[in-house]
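Shown next, in structure tokens, is the structure this report addresses.
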Amino acid sequence: MGRVYRPQTYTKSDIDYRIQRGIDMAFVNEKIPEADQESINYGALRDPQGGRPLVDSTLPRWAVDRERDAFLLRLGGGATREDYQVPFYFLFCWQGARMRVDAYRRIQTSSAPKFKTLTWEIIRLHLPETLPASLEETMQMLSEAFDTYGSNSYDDSKALYSAVNVDFSKTMHVDKGE
């Protein structure tokens with residue numbers, strides 16, 4: 001693949017401006033409402049690494065676009081050690097098509113105060129037999145979801161990153177029919 005998408009990056013002032021002007025931002029980060037937890041069968045979801053239930057109190061959150069019937073939520077993973085890195089595991093659902101996404105997270109800081117760049121490197125896609133759109137359109141939608149998810153992660157009190165990038169690894173593995 002090797003494609004690098006650079007979704008629109010929003011700072012806090014950009015978001016405040018968009019809210020004041022009534023400009024929609026498709027994906028939003030929010031706690032998953034109980035009714036939605038039931039509809040997506042949240043209680044049955046498992047961390048792909050070890051099969052543990054999603055019990056972490058910070059996890060019932062997602063990036064969701066209700067107009068386009070899409071969401072992204074973290075399933076687990078995400079450990080970094082000196083000699084290895086475990087990817088983050090996500091569930092991306094678009095118009096009923098569920099896809100698991102494996103991604104590495106990199107955070108880069110600079111000498112400028114509060115300047116952090118977050119990069120999600122998508123390394124594996126587990127796709128269903130049929131997609132709601134082409135693979136390229138699916139990757140664009142996934143980029144938008146990660147752009148929003150990455151903007152504030154799970155802790156709404158954290159400052160926004162100054163930039164969020166979504167890269168599709170040149171060696172990304174795509175599994176079809178799962």
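Within each chain, counting starts at residue 1; across the structure tokens, chains are named A, B, ... in the order shown, with ligands numbered 1 upward in that order.
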
Give me the residues of stretch 19-53 of chain A that have any atom at most 9 Å from an atom of stretch 86-95 of chain A; for each, the nearest atom pair and the distance in Å, rounded to one decimal. Use only C-alpha atoms, sort by chain and number, and format it as CSV.
residue,atom,partner,partner_atom,distance
A:Asp47,CA,A:Tyr89,CA,7.6
A:Pro48,CA,A:Tyr89,CA,7.1
A:Gln49,CA,A:Tyr89,CA,8.5

Print the selection's residues with N, CA and C atoms to a file, as an mmCIF file, in the first residue's frame.
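Result file selection-v6.cif:
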data_model
loop_
_atom_site.group_PDB
_atom_site.id
_atom_site.type_symbol
_atom_site.label_atom_id
_atom_site.label_comp_id
_atom_site.auth_asym_id
_atom_site.auth_seq_id
_atom_site.Cartn_x
_atom_site.Cartn_y
_atom_site.Cartn_z
ATOM 1 N N ASP A 47 -10.235 -8.430 24.093
ATOM 2 C CA ASP A 47 -8.907 -7.982 23.700
ATOM 3 C C ASP A 47 -8.291 -9.114 22.871
ATOM 4 N N PRO A 48 -7.864 -8.845 21.630
ATOM 5 C CA PRO A 48 -7.292 -9.904 20.805
ATOM 6 C C PRO A 48 -6.036 -10.535 21.407
ATOM 7 N N GLN A 49 -5.371 -9.828 22.283
ATOM 8 C CA GLN A 49 -4.173 -10.354 22.934
ATOM 9 C C GLN A 49 -4.586 -10.938 24.285
#

Surrounding residues of stretch 60-76 of chain A excluding itself and chain neighbours under 6 positions, 10 Å, only C-alpha atoms, as a PDB file with C-alpha atoms, in the first residue's frame:
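Writing done, so here's part_36.pdb:
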ATOM      1  CA  MET A  25     -16.985  17.562  12.424  1.00  0.00           C
ATOM      2  CA  ALA A  26     -18.120  14.117  11.370  1.00  0.00           C
ATOM      3  CA  PHE A  27     -16.367  11.873  13.916  1.00  0.00           C
ATOM      4  CA  VAL A  28     -16.544  12.803  17.590  1.00  0.00           C
ATOM      5  CA  ASN A  29     -15.009  11.191  20.672  1.00  0.00           C
ATOM      6  CA  GLU A  30     -17.508  10.255  23.336  1.00  0.00           C
ATOM      7  CA  LYS A  31     -18.341   7.737  26.012  1.00  0.00           C
ATOM      8  CA  ILE A  32     -20.345   4.931  24.437  1.00  0.00           C
ATOM      9  CA  PRO A  33     -23.980   5.330  25.574  1.00  0.00           C
ATOM     10  CA  GLU A  34     -25.463   2.239  27.221  1.00  0.00           C
ATOM     11  CA  GLN A  37     -23.057  -0.664  24.089  1.00  0.00           C
ATOM     12  CA  TYR A  42     -19.874  -4.427  23.791  1.00  0.00           C
ATOM     13  CA  LEU A  45     -15.885  -7.857  22.755  1.00  0.00           C
ATOM     14  CA  ARG A  46     -12.485  -9.210  23.749  1.00  0.00           C
ATOM     15  CA  ASP A  47      -8.907  -7.982  23.700  1.00  0.00           C
ATOM     16  CA  PRO A  48      -7.292  -9.904  20.805  1.00  0.00           C
ATOM     17  CA  GLN A  49      -4.173 -10.354  22.934  1.00  0.00           C
ATOM     18  CA  GLY A  50      -5.220 -12.864  25.558  1.00  0.00           C
ATOM     19  CA  GLY A  51      -8.980 -12.755  25.004  1.00  0.00           C
ATOM     20  CA  ARG A  52      -9.725 -10.653  28.086  1.00  0.00           C
ATOM     21  CA  PRO A  53     -13.073  -8.796  28.255  1.00  0.00           C
ATOM     22  CA  LEU A  54     -12.918  -5.046  27.824  1.00  0.00           C
ATOM     23  CA  VAL A  86       2.808  -4.597  20.823  1.00  0.00           C
ATOM     24  CA  PRO A  87       0.368  -2.861  18.486  1.00  0.00           C
ATOM     25  CA  PHE A  88      -2.891  -1.302  19.610  1.00  0.00           C
ATOM     26  CA  TYR A  89      -5.933  -3.301  18.501  1.00  0.00           C
ATOM     27  CA  PHE A  90      -9.081  -1.522  17.317  1.00  0.00           C
ATOM     28  CA  LEU A  91     -12.521  -2.398  16.052  1.00  0.00           C
ATOM     29  CA  PHE A  92     -13.608  -0.237  13.118  1.00  0.00           C
ATOM     30  CA  CYS A  93     -17.207  -0.658  12.031  1.00  0.00           C
ATOM     31  CA  TRP A  94     -18.698   1.061   8.974  1.00  0.00           C
ATOM     32  CA  GLN A  95     -22.266   0.396   7.868  1.00  0.00           C
ATOM     33  CA  GLY A  96     -22.261  -2.907   9.722  1.00  0.00           C
ATOM     34  CA  ALA A  97     -18.955  -4.157   8.283  1.00  0.00           C
ATOM     35  CA  ARG A  98     -16.619  -4.934  11.214  1.00  0.00           C
ATOM     36  CA  MET A  99     -12.871  -4.724  10.724  1.00  0.00           C
ATOM     37  CA  ARG A 100     -10.045  -5.230  13.163  1.00  0.00           C
ATOM     38  CA  VAL A 101      -7.195  -2.767  12.795  1.00  0.00           C
ATOM     39  CA  ASP A 102      -3.704  -3.180  14.270  1.00  0.00           C
ATOM     40  CA  MET A 141     -12.773   6.758   6.401  1.00  0.00           C
ATOM     41  CA  LEU A 142     -10.447   4.910   8.770  1.00  0.00           C
ATOM     42  CA  GLU A 144     -10.767  10.231   9.581  1.00  0.00           C
ATOM     43  CA  ALA A 145     -11.700   8.012  12.523  1.00  0.00           C
ATOM     44  CA  PHE A 146      -8.096   7.765  13.753  1.00  0.00           C
ATOM     45  CA  ASP A 147      -7.610  11.502  13.241  1.00  0.00           C
ATOM     46  CA  THR A 148     -10.493  12.180  15.629  1.00  0.00           C
ATOM     47  CA  TYR A 149      -9.632   9.376  18.043  1.00  0.00           C
ATOM     48  CA  GLY A 150      -6.037  10.530  18.169  1.00  0.00           C
ATOM     49  CA  ASN A 152      -7.931  13.461  22.462  1.00  0.00           C
ATOM     50  CA  SER A 153      -7.655   9.711  22.985  1.00  0.00           C
ATOM     51  CA  TYR A 154      -9.565   8.599  26.100  1.00  0.00           C
ATOM     52  CA  ASP A 155      -8.823  11.456  28.478  1.00  0.00           C
TER      53      ASP A 155
END

Checklist entry - Running DSSP on the backbone, which parts of stretch 61-158 of chain A land in strand (DSSP E), as a ChimeraX atom specification? => result /A:61-65,70-77,88-94,97-109,116-127

Checklist entry - Tell me, which residues of stretch 29-141 of chain A carry DSSP alpha helix (DSSP H), written as a VMD selection string? => result chain A and resid 34 to 39 135 to 141

Produce a file of the selected residues containing C-alpha atoms, as a compact mmCIF listing (two decimals), in the first residue's frame.
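Resulting contents of selection-v2.txt:
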# COMPACT_ATOMS: atom_id res chain seq x y z
CA GLU A 34 -25.46 2.24 27.22
CA ALA A 35 -27.95 1.72 24.38
CA ASP A 36 -25.08 1.68 21.88
CA GLN A 37 -23.06 -0.66 24.09
CA GLU A 38 -25.97 -3.09 23.84
CA SER A 39 -26.43 -2.65 20.07
CA LEU A 135 -10.57 -0.31 -0.04
CA GLU A 136 -9.24 3.19 -0.72
CA GLU A 137 -12.50 4.81 0.51
CA THR A 138 -12.42 2.52 3.56
CA MET A 139 -8.85 3.61 4.29
CA GLN A 140 -9.87 7.28 3.98
CA MET A 141 -12.77 6.76 6.40

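The coordinates place atom CA of A:Thr117 at 23.0 Å from atom CA of A:Asp83.
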
Item to check | Pairwise distance for atom CA of A:Lys170 and atom CA of A:Tyr104, rounded to one decimal in Å | outcome: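 Taking atom CA of A:Lys170 as the start and atom CA of A:Tyr104 as the end point, the length is 13.4 Å.
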
Next on the checklist: So, with only C-alpha atoms as the atoms that count, which of A:Thr109, A:Lys176, A:Ala79, A:Val164 lies closest to A:Leu131?
Outcome noted: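 Counting only C-alpha atoms, the residue closest to A:Leu131 is A:Lys176.
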